[in-house]
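So this block is input-v3.txt, compact mmCIF, C-alpha atoms:
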```txt
# COMPACT_ATOMS: atom_id res chain seq x y z
CA MET A 288 31.38 -15.52 -10.15
CA PRO A 289 28.71 -18.03 -11.31
CA VAL A 290 25.25 -17.70 -9.80
CA SER A 291 24.32 -20.61 -7.54
CA LEU A 292 21.28 -22.70 -8.42
CA PRO A 293 18.26 -21.40 -6.44
CA PRO A 294 16.72 -24.19 -4.29
CA ALA A 295 13.26 -23.72 -5.84
CA LEU A 296 14.69 -24.02 -9.35
CA LYS A 297 16.52 -27.18 -8.32
CA LEU A 298 13.15 -28.59 -7.18
CA SER A 299 11.73 -27.98 -10.67
CA LEU A 300 14.54 -29.17 -12.93
CA ASP A 301 12.77 -32.41 -13.79
CA LEU A 302 9.85 -30.40 -15.26
CA LEU A 303 11.95 -28.45 -17.72
CA CYS A 304 13.03 -29.37 -21.23
CA CYS A 305 15.31 -27.50 -23.59
CA PRO A 306 13.20 -25.12 -25.69
CA THR A 307 15.69 -25.33 -28.57
CA CYS A 308 15.94 -29.06 -29.17
CA ARG A 309 13.08 -30.26 -26.91
CA THR A 310 15.46 -32.57 -25.04
CA ARG A 311 13.92 -33.08 -21.64
CA ARG A 312 16.85 -32.76 -19.33
CA LEU A 313 18.43 -29.49 -18.28
CA HIS A 314 21.23 -29.66 -15.75
CA PRO A 315 22.97 -26.91 -13.78
CA ASP A 316 26.41 -25.91 -15.05
CA ARG A 317 28.38 -22.91 -13.72
CA GLY A 318 25.52 -20.47 -13.20
CA ALA A 319 23.42 -21.73 -16.10
CA LEU A 320 21.18 -24.56 -17.20
CA ARG A 321 22.48 -26.70 -20.04
CA CYS A 322 20.95 -29.51 -22.10
CA PRO A 323 22.89 -32.56 -23.37
CA ALA A 324 23.17 -30.91 -26.81
CA GLY A 325 24.95 -27.92 -25.25
CA HIS A 326 22.21 -25.28 -25.38
CA THR A 327 22.79 -22.98 -22.41
CA PHE A 328 20.46 -20.66 -20.47
CA ASP A 329 21.75 -18.24 -17.87
CA ILE A 330 20.41 -18.10 -14.34
CA ALA A 331 19.91 -14.45 -13.42
CA ARG A 332 21.36 -13.18 -10.17
CA HIS A 333 17.78 -12.37 -9.13
CA GLY A 334 16.96 -16.10 -9.11
CA TYR A 335 15.00 -16.73 -12.29
CA VAL A 336 16.19 -18.42 -15.51
CA SER A 337 15.38 -17.23 -19.01
CA LEU A 338 14.60 -20.01 -21.49
CA LEU A 339 13.48 -17.57 -24.20
CA THR A 340 15.09 -18.16 -27.59
CA GLY A 341 14.94 -16.41 -30.94
CA THR A 342 12.68 -13.40 -31.22
CA ARG A 343 11.90 -12.26 -27.69
CA ALA A 344 8.39 -11.33 -26.68
CA THR A 345 8.04 -7.84 -25.29
CA SER A 346 6.16 -7.25 -22.09
CA GLY A 347 4.38 -4.16 -20.86
CA ASP A 348 5.19 -5.12 -17.27
CA ASP A 349 7.98 -2.64 -16.74
CA ALA A 350 9.49 -1.60 -13.41
CA THR A 351 6.80 1.00 -12.70
CA MET A 352 3.97 -1.48 -13.32
CA VAL A 353 5.59 -4.18 -11.21
CA GLN A 354 6.26 -1.82 -8.32
CA ALA A 355 2.64 -0.63 -8.43
CA ARG A 356 1.42 -4.23 -8.47
CA ASP A 357 3.60 -5.18 -5.52
CA ARG A 358 2.29 -2.23 -3.51
CA PHE A 359 -1.34 -2.81 -4.42
CA LEU A 360 -1.34 -6.56 -3.79
CA SER A 361 0.36 -6.00 -0.42
CA THR A 362 -2.75 -4.09 0.74
CA GLY A 363 -4.79 -7.31 0.65
CA ALA A 364 -7.42 -5.80 -1.63
CA TYR A 365 -7.20 -8.82 -3.94
CA ALA A 366 -6.76 -11.40 -1.17
CA PRO A 367 -10.20 -12.99 -1.83
CA ILE A 368 -9.15 -13.62 -5.45
CA ARG A 369 -5.97 -15.25 -4.23
CA GLN A 370 -7.97 -17.34 -1.77
CA VAL A 371 -10.44 -18.68 -4.33
CA GLY A 372 -7.62 -19.75 -6.65
CA ALA A 373 -5.82 -21.47 -3.77
CA ARG A 374 -9.01 -23.18 -2.62
CA LEU A 375 -9.87 -24.55 -6.06
CA ALA A 376 -6.32 -25.83 -6.42
CA ALA A 377 -6.24 -27.39 -2.95
CA ASP A 378 -9.57 -29.13 -3.56
CA ALA A 379 -8.09 -30.88 -6.61
CA LEU A 380 -4.65 -31.81 -5.27
CA SER A 381 -2.72 -33.83 -2.82
CA GLU A 382 -0.07 -31.95 -0.89
CA GLN A 383 2.69 -33.45 -3.08
CA ALA A 384 1.78 -31.59 -6.23
CA THR A 385 3.21 -29.46 -9.02
CA VAL A 386 1.61 -26.09 -9.80
CA VAL A 387 2.45 -24.16 -12.97
CA ASP A 388 1.38 -20.51 -13.04
CA THR A 389 1.27 -19.09 -16.58
CA GLY A 390 1.64 -15.33 -16.78
CA CYS A 391 2.60 -15.46 -13.11
CA GLY A 392 3.54 -11.79 -12.74
CA THR A 393 5.06 -11.22 -9.32
CA GLY A 394 4.08 -14.71 -8.09
CA TYR A 395 1.36 -13.47 -5.72
CA TYR A 396 -1.28 -16.03 -6.72
CA LEU A 397 1.16 -18.93 -7.02
CA ALA A 398 2.45 -18.23 -3.51
CA GLY A 399 -1.15 -18.34 -2.25
CA VAL A 400 -1.61 -21.84 -3.68
CA LEU A 401 1.68 -23.08 -2.25
CA ASP A 402 0.79 -21.74 1.19
CA GLN A 403 -2.24 -24.06 1.12
CA LEU A 404 -0.17 -27.08 0.06
CA PRO A 405 2.90 -27.52 2.27
CA GLY A 406 4.38 -30.28 0.10
CA ALA A 407 3.74 -28.72 -3.30
CA ARG A 408 6.20 -27.03 -5.62
CA GLY A 409 5.50 -24.22 -8.06
CA LEU A 410 6.82 -22.89 -11.33
CA GLY A 411 5.91 -19.46 -12.69
CA LEU A 412 6.20 -18.44 -16.35
CA ASP A 413 6.22 -14.82 -17.49
CA THR A 414 7.90 -12.60 -20.10
CA SER A 415 8.55 -9.69 -17.75
CA VAL A 416 11.99 -9.89 -16.17
CA ARG A 417 10.96 -7.16 -13.75
CA ALA A 418 8.04 -9.27 -12.54
CA LEU A 419 10.17 -12.42 -12.42
CA ARG A 420 12.56 -10.76 -9.99
CA SER A 421 9.65 -10.65 -7.55
CA ALA A 422 8.29 -14.07 -8.56
CA ALA A 423 11.64 -15.73 -7.87
CA ARG A 424 11.38 -14.71 -4.22
CA ALA A 425 7.59 -14.88 -3.80
CA HIS A 426 7.76 -18.32 -2.16
CA HIS A 427 10.61 -20.63 -1.19
CA ARG A 428 9.06 -23.47 -3.24
CA ALA A 429 8.34 -21.38 -6.35
CA ALA A 430 10.78 -21.20 -9.27
CA ALA A 431 10.52 -18.52 -11.95
CA VAL A 432 11.20 -18.88 -15.68
CA ALA A 433 11.13 -16.26 -18.43
CA TRP A 434 8.87 -17.58 -21.18
CA ASP A 435 6.23 -16.44 -23.66
CA VAL A 436 3.05 -18.41 -22.86
CA PHE A 437 1.87 -18.16 -26.47
CA ARG A 438 4.73 -20.45 -27.50
CA PRO A 439 5.05 -24.19 -26.71
CA PHE A 440 6.07 -24.39 -23.06
CA PRO A 441 9.60 -25.57 -22.14
CA LEU A 442 7.99 -28.29 -20.02
CA ALA A 443 7.70 -32.03 -20.42
CA ASP A 444 4.33 -33.67 -21.08
CA ALA A 445 1.93 -34.40 -18.20
CA VAL A 446 4.05 -32.95 -15.38
CA ALA A 447 1.61 -30.49 -13.76
CA ASP A 448 -1.20 -31.20 -11.33
CA VAL A 449 -2.55 -27.65 -11.65
CA VAL A 450 -2.12 -24.97 -14.27
CA LEU A 451 -3.04 -21.58 -12.81
CA ASP A 452 -4.09 -18.69 -15.06
CA VAL A 453 -5.09 -15.49 -13.25
CA PHE A 454 -5.75 -12.37 -15.38
CA ALA A 455 -3.27 -13.83 -17.88
CA PRO A 456 -3.05 -14.91 -21.53
CA ARG A 457 -4.20 -18.46 -22.27
CA ASN A 458 -2.76 -21.28 -24.35
CA PRO A 459 -5.30 -24.14 -23.94
CA ALA A 460 -3.44 -26.66 -26.10
CA GLU A 461 -0.27 -26.27 -24.04
CA PHE A 462 -2.23 -26.26 -20.77
CA HIS A 463 -3.68 -29.62 -21.79
CA ARG A 464 -0.32 -31.06 -22.85
CA VAL A 465 1.51 -30.27 -19.61
CA LEU A 466 -1.34 -31.28 -17.28
CA ARG A 467 -1.70 -34.79 -15.97
CA PRO A 468 -5.00 -36.50 -16.94
CA THR A 469 -6.19 -36.02 -13.35
CA GLY A 470 -5.03 -32.39 -13.19
CA ARG A 471 -6.95 -29.13 -13.16
CA LEU A 472 -6.77 -25.89 -15.07
CA ILE A 473 -7.85 -22.92 -12.95
CA VAL A 474 -8.78 -19.75 -14.83
CA VAL A 475 -9.62 -16.49 -13.04
CA ARG A 476 -10.95 -13.62 -15.16
CA PRO A 477 -12.89 -10.38 -14.59
CA THR A 478 -16.63 -9.95 -15.11
CA ASP A 479 -18.04 -6.83 -16.76
CA ARG A 480 -18.56 -5.29 -13.28
CA HIS A 481 -14.90 -5.53 -12.32
CA LEU A 482 -13.50 -2.06 -11.49
CA ALA A 483 -16.57 -0.47 -13.09
CA GLU A 484 -16.19 2.69 -10.99
CA LEU A 485 -12.69 3.28 -12.32
CA ARG A 486 -13.73 2.63 -15.91
CA ARG A 487 -16.61 5.11 -15.61
CA ARG A 488 -14.42 7.89 -14.25
CA LEU A 489 -11.18 7.46 -16.18
CA PRO A 490 -11.37 7.72 -19.98
CA GLY A 491 -8.89 5.32 -21.53
CA MET A 492 -9.36 2.47 -19.04
CA VAL A 493 -9.33 -0.84 -20.91
CA THR A 494 -12.88 -2.13 -21.29
CA ILE A 495 -13.98 -5.73 -20.77
CA ASP A 496 -15.19 -7.40 -23.95
CA PRO A 497 -18.81 -8.52 -23.42
CA ALA A 498 -18.01 -11.63 -25.52
CA LYS A 499 -15.06 -12.54 -23.27
CA GLU A 500 -16.82 -15.53 -21.68
CA GLN A 501 -17.93 -16.92 -25.03
CA ARG A 502 -14.39 -16.62 -26.40
CA LEU A 503 -12.98 -18.37 -23.34
CA HIS A 504 -15.42 -21.27 -23.69
CA ARG A 505 -14.72 -21.66 -27.41
CA ALA A 506 -10.97 -21.71 -26.77
CA VAL A 507 -10.94 -24.24 -23.92
CA ASP A 508 -13.84 -26.50 -24.92
CA PRO A 509 -11.81 -28.78 -27.24
CA PHE A 510 -9.42 -29.54 -24.38
CA PHE A 511 -11.32 -29.10 -21.09
CA GLU A 512 -14.71 -29.31 -19.42
CA ALA A 513 -15.72 -27.07 -16.53
CA ALA A 514 -15.88 -28.82 -13.15
CA VAL A 515 -16.87 -25.89 -10.93
CA THR A 516 -17.19 -22.11 -11.27
CA GLU A 517 -17.24 -19.64 -8.38
CA GLN A 518 -17.98 -15.94 -8.51
CA VAL A 519 -16.14 -13.59 -6.17
CA GLU A 520 -17.59 -10.09 -5.88
CA TYR A 521 -17.07 -7.49 -3.19
CA THR A 522 -16.37 -3.80 -2.61
CA ALA A 523 -12.78 -2.78 -1.97
CA THR A 524 -11.96 0.50 -0.22
CA LEU A 525 -9.07 2.42 -1.79
CA THR A 526 -6.75 5.18 -0.73
CA ARG A 527 -5.69 7.57 -3.46
CA LEU A 528 -2.36 5.73 -3.81
CA ASP A 529 -4.19 2.39 -4.03
CA ALA A 530 -6.33 3.70 -6.87
CA VAL A 531 -3.30 5.05 -8.75
CA ASP A 532 -1.45 1.75 -8.28
CA LEU A 533 -4.49 -0.24 -9.41
CA VAL A 534 -4.52 1.63 -12.71
CA THR A 535 -0.74 1.72 -13.09
CA MET A 536 -0.30 -2.04 -12.64
CA THR A 537 -2.54 -2.85 -15.64
CA PRO A 538 -2.36 -2.24 -19.42
CA SER A 539 -4.76 0.67 -18.82
CA ALA A 540 -1.77 2.67 -17.62
CA ARG A 541 -0.77 3.19 -21.27
CA HIS A 542 -4.11 4.80 -22.13
CA VAL A 543 -5.11 6.85 -19.07
CA SER A 544 -3.84 10.42 -18.92
CA ARG A 545 -1.47 11.37 -16.13
CA ALA A 546 -3.70 14.37 -15.40
CA GLY A 547 -6.63 12.04 -14.75
CA LEU A 548 -4.57 9.93 -12.36
CA HIS A 549 -3.56 13.01 -10.38
CA ASP A 550 -7.05 14.46 -10.23
CA ASP A 551 -8.48 13.36 -6.88
CA GLY A 552 -12.00 13.91 -8.17
CA CYS A 553 -11.52 11.25 -10.86
CA LEU A 554 -10.42 8.52 -8.48
CA PRO A 555 -13.10 6.57 -6.57
CA ASP A 556 -12.52 5.60 -2.96
CA GLN A 557 -14.31 2.27 -3.51
CA VAL A 558 -14.39 -0.17 -6.43
CA THR A 559 -16.26 -3.34 -7.23
CA VAL A 560 -14.01 -6.37 -7.50
CA SER A 561 -15.79 -9.03 -9.55
CA VAL A 562 -14.23 -12.19 -11.01
CA LEU A 563 -15.17 -15.68 -12.09
CA ALA A 564 -12.91 -18.61 -11.15
CA THR A 565 -13.36 -21.93 -12.95
CA ALA A 566 -11.64 -25.26 -12.38
CA TYR A 567 -11.53 -27.31 -15.59
CA ARG A 568 -10.92 -31.05 -16.08
CA PRO A 569 -8.90 -32.21 -19.09
CA ARG A 570 -10.91 -34.02 -21.75
```

Would you write out, as structure tokens, the structure that this file holds?
Amino acid sequence: MPVSLPPALKLSLDLLCCPTCRTRRLHPDRGALRCPAGHTFDIARHGYVSLLTGTRATSGDDATMVQARDRFLSTGAYAPIRQVGARLAADALSEQATVVDTGCGTGYYLAGVLDQLPGARGLGLDTSVRALRSAARAHHRAAAVAWDVFRPFPLADAVADVVLDVFAPRNPAEFHRVLRPTGRLIVVRPTDRHLAELRRRLPGMVTIDPAKEQRLHRAVDPFFEAAVTEQVEYTATLTRLDAVDLVTMTPSARHVSRAGLHDDGCLPDQVTVSVLATAYRPR
């Protein structure tokens, strides 16, 4: 039996273009999206659509990582990060707006923006089908699409009011192309103090490149100028399960030994959460 078109995906159809022939229109057809040239993309029963073609990107966000992320984010430990992203977006938008979240994961941050903007719609892009299952139900106005953000987006030009990038890969040229001239790019990234207690205690935790900020500025400067930057830093209290989930939900999970994760003496009961959030204007 064909999958019905999710309401949030129906809201976003005018944003999407066929990634194969770049024809703008995709229309629903018997549980799939189809372009006028006949290219067809199935709608998953979980509510997302995959527009990936050719060689598929692989994603480290497997079921274990996604489940850990869902549990950890539900504790509210990262709520201030969600709030700063939503505030920067709301400051730049009217309520009738389109928000594209690149590398959306489970849709947690996109849902936070949409909660602040009752008339807005959202579209999340991610390669992880496990994460997209959560993203497709993260908010009733958020659609979810499987896509590799390093490739040209399956979106028409100048359709987004905000592009949201939280702890995610960046494609500045595509961000610029899909944003309206009055839009905003919002980038949230860790400082070198972020989760420092975990990195000190657990060998194998992914380190933060001290040149990360310089690389970000070099990448975005041809396309954007910074409008405002806010720093969010606070101490989060963790249970043992929280600490395990915090490691497991990140790429560090591949490098940290299981013995270290199950050694209570290695896991701190508090960590520093430290991020920078910048809203950029298109040049």

Inset, instruction - Could you please determine the separation between atom CA of Pro456 of chain A and atom CA of Leu320 of chain A in Å, to one decimal place? - result: 26.4 Å

Inset, instruction - In the coordinate frame of the file, compute which residues have an atom within 10 Å of (6.2, -2.6, -6.7) when using all atoms listed in the file, and state them as a list of chain:residue names. - result: A:Ala350, A:Thr351, A:Met352, A:Val353, A:Gln354, A:Ala355, A:Arg356, A:Asp357, A:Arg358, A:Phe359, A:Leu360, A:Ser361, A:Thr393, A:Arg417, A:Ala418, A:Ser421, A:Asp532, A:Met536

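The nearest approach to Gly409 of chain A among the residues A:Gly394, A:Pro367, A:Pro477, A:Pro439, with only C-alpha atoms taken into account, belongs to A:Gly394.
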
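Compared by their closest atoms to Gly470 of chain A, and using all atoms listed in the file, the residues A:Glu520, A:Asp556, A:Glu512, A:Asp316 rank with A:Glu512 nearest.
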
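Here the question is which of A:Phe510, A:Phe462, A:Phe328, A:Tyr335 gets nearest to Ser415 of chain A using all atoms listed in the file, and that residue is A:Tyr335.
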
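Taking atom CA of Gly411 of chain A and atom CA of Leu300 of chain A as the two end points, the separation is 13.0 Å.
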
Considering only C-alpha atoms, return as a JSON list (two decimals) with C-alpha atoms, in the frame of the given file whatever protein or nucleic-acid residues lie within 6 Å of segment 399-407 of chain A, sequence-local ones (same chain, fewer than 6 positions apart) excluded.
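And here is the file that came out, selection-v5.json:
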```json
[["chain", "number", "residue", "atom", "x", "y", "z"],
["A", 373, "ALA", "CA", -5.82, -21.47, -3.77],
["A", 382, "GLU", "CA", -0.07, -31.95, -0.89],
["A", 383, "GLN", "CA", 2.69, -33.45, -3.08],
["A", 384, "ALA", "CA", 1.78, -31.59, -6.23],
["A", 385, "THR", "CA", 3.21, -29.46, -9.02]]
```

Inset, instruction - Go through A:Leu292, A:Val432, A:Pro441, A:Val416 and flag the residue nearest Cys305 of chain A, using only C-alpha atoms for the distances. - result: A:Pro441

Legend entry - Closest of A:Leu485, A:Ile368, A:Val515, A:Ala430 to Ser561 of chain A - atom-to-atom distances counting all atoms listed in the file: A:Ile368

Inset, instruction - Find the spatial neighbours of Pro294 of chain A, counting all atoms listed in the file, within a cut-off of 10 Å - ignore same-chain residues fewer than 6 positions away - and output them as a PyMOL selection string. - result: chain A and resi 334+427-430

Draw an axis-aligned box over all listed atoms of segment 504-523 of chain A, pad each side with 8 Å, and write its centre and edge lengths in Å, one decimal, as JSON.
```
{"center_x": -13.7, "center_y": -16.2, "center_z": -14.7, "size_x": 24.6, "size_y": 42.8, "size_z": 41.4}
```

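For the set A:Tyr395, A:Tyr365, A:Ala379, A:Ile473, the residue with the smallest atom-to-atom gap to Val519 of chain A is A:Tyr365, counting all atoms listed in the file.
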
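Atom CA of Thr327 of chain A is found 13.5 Å from atom CA of Arg311 of chain A.
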
Legend entry - Residues within 9 Å of Leu548 of chain A, only C-alpha atoms, excluding chain neighbours under 6 positions, as an MDAnalysis selection string: chainID A and resid 489 530:531 534 554

Could those selected residues go to a file with C-alpha atoms, as a PDB file, in the frame of the given file?
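The result, written out as part-v6.pdb:
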```
ATOM      1  CA  LEU A 489     -11.180   7.460 -16.180  1.00  0.00           C
ATOM      2  CA  ALA A 530      -6.330   3.700  -6.870  1.00  0.00           C
ATOM      3  CA  VAL A 531      -3.300   5.050  -8.750  1.00  0.00           C
ATOM      4  CA  VAL A 534      -4.520   1.630 -12.710  1.00  0.00           C
ATOM      5  CA  LEU A 554     -10.420   8.520  -8.480  1.00  0.00           C
TER       6      LEU A 554
END
```

Inset, instruction - Compile the contact shell of Phe437 of chain A as a list in words: residues with an atom at most 10 Å away, counting only C-alpha atoms, same-chain residues fewer than 2 positions apart removed. - result: Ala344, Thr389, Trp434, Asp435, Pro439, Phe440, Pro456, Arg457, Asn458, Pro459 and Glu461 of chain A

Those residues you just picked out, can you put them in a file as a PDB file, in the frame of the given file with C-alpha atoms?
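out_4.pdb written:
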```pdb
ATOM      1  CA  ALA A 344       8.390 -11.330 -26.680  1.00  0.00           C
ATOM      2  CA  THR A 389       1.270 -19.090 -16.580  1.00  0.00           C
ATOM      3  CA  TRP A 434       8.870 -17.580 -21.180  1.00  0.00           C
ATOM      4  CA  ASP A 435       6.230 -16.440 -23.660  1.00  0.00           C
ATOM      5  CA  PRO A 439       5.050 -24.190 -26.710  1.00  0.00           C
ATOM      6  CA  PHE A 440       6.070 -24.390 -23.060  1.00  0.00           C
ATOM      7  CA  PRO A 456      -3.050 -14.910 -21.530  1.00  0.00           C
ATOM      8  CA  ARG A 457      -4.200 -18.460 -22.270  1.00  0.00           C
ATOM      9  CA  ASN A 458      -2.760 -21.280 -24.350  1.00  0.00           C
ATOM     10  CA  PRO A 459      -5.300 -24.140 -23.940  1.00  0.00           C
ATOM     11  CA  GLU A 461      -0.270 -26.270 -24.040  1.00  0.00           C
TER      12      GLU A 461
END
```

Distance cut-off 12 Å, centre (26.1, -29.3, -23.4) in file coordinates, counting all atoms listed in the file: which residues qualify? Return them as a CSV table (one decimal) with C-alpha atoms, in the coordinates of the input.
```csv
chain,number,residue,atom,x,y,z
A,305,CYS,CA,15.3,-27.5,-23.6
A,308,CYS,CA,15.9,-29.1,-29.2
A,310,THR,CA,15.5,-32.6,-25.0
A,312,ARG,CA,16.8,-32.8,-19.3
A,313,LEU,CA,18.4,-29.5,-18.3
A,314,HIS,CA,21.2,-29.7,-15.8
A,315,PRO,CA,23.0,-26.9,-13.8
A,316,ASP,CA,26.4,-25.9,-15.0
A,317,ARG,CA,28.4,-22.9,-13.7
A,319,ALA,CA,23.4,-21.7,-16.1
A,320,LEU,CA,21.2,-24.6,-17.2
A,321,ARG,CA,22.5,-26.7,-20.0
A,322,CYS,CA,21.0,-29.5,-22.1
A,323,PRO,CA,22.9,-32.6,-23.4
A,324,ALA,CA,23.2,-30.9,-26.8
A,325,GLY,CA,25.0,-27.9,-25.2
A,326,HIS,CA,22.2,-25.3,-25.4
A,327,THR,CA,22.8,-23.0,-22.4
A,328,PHE,CA,20.5,-20.7,-20.5
```
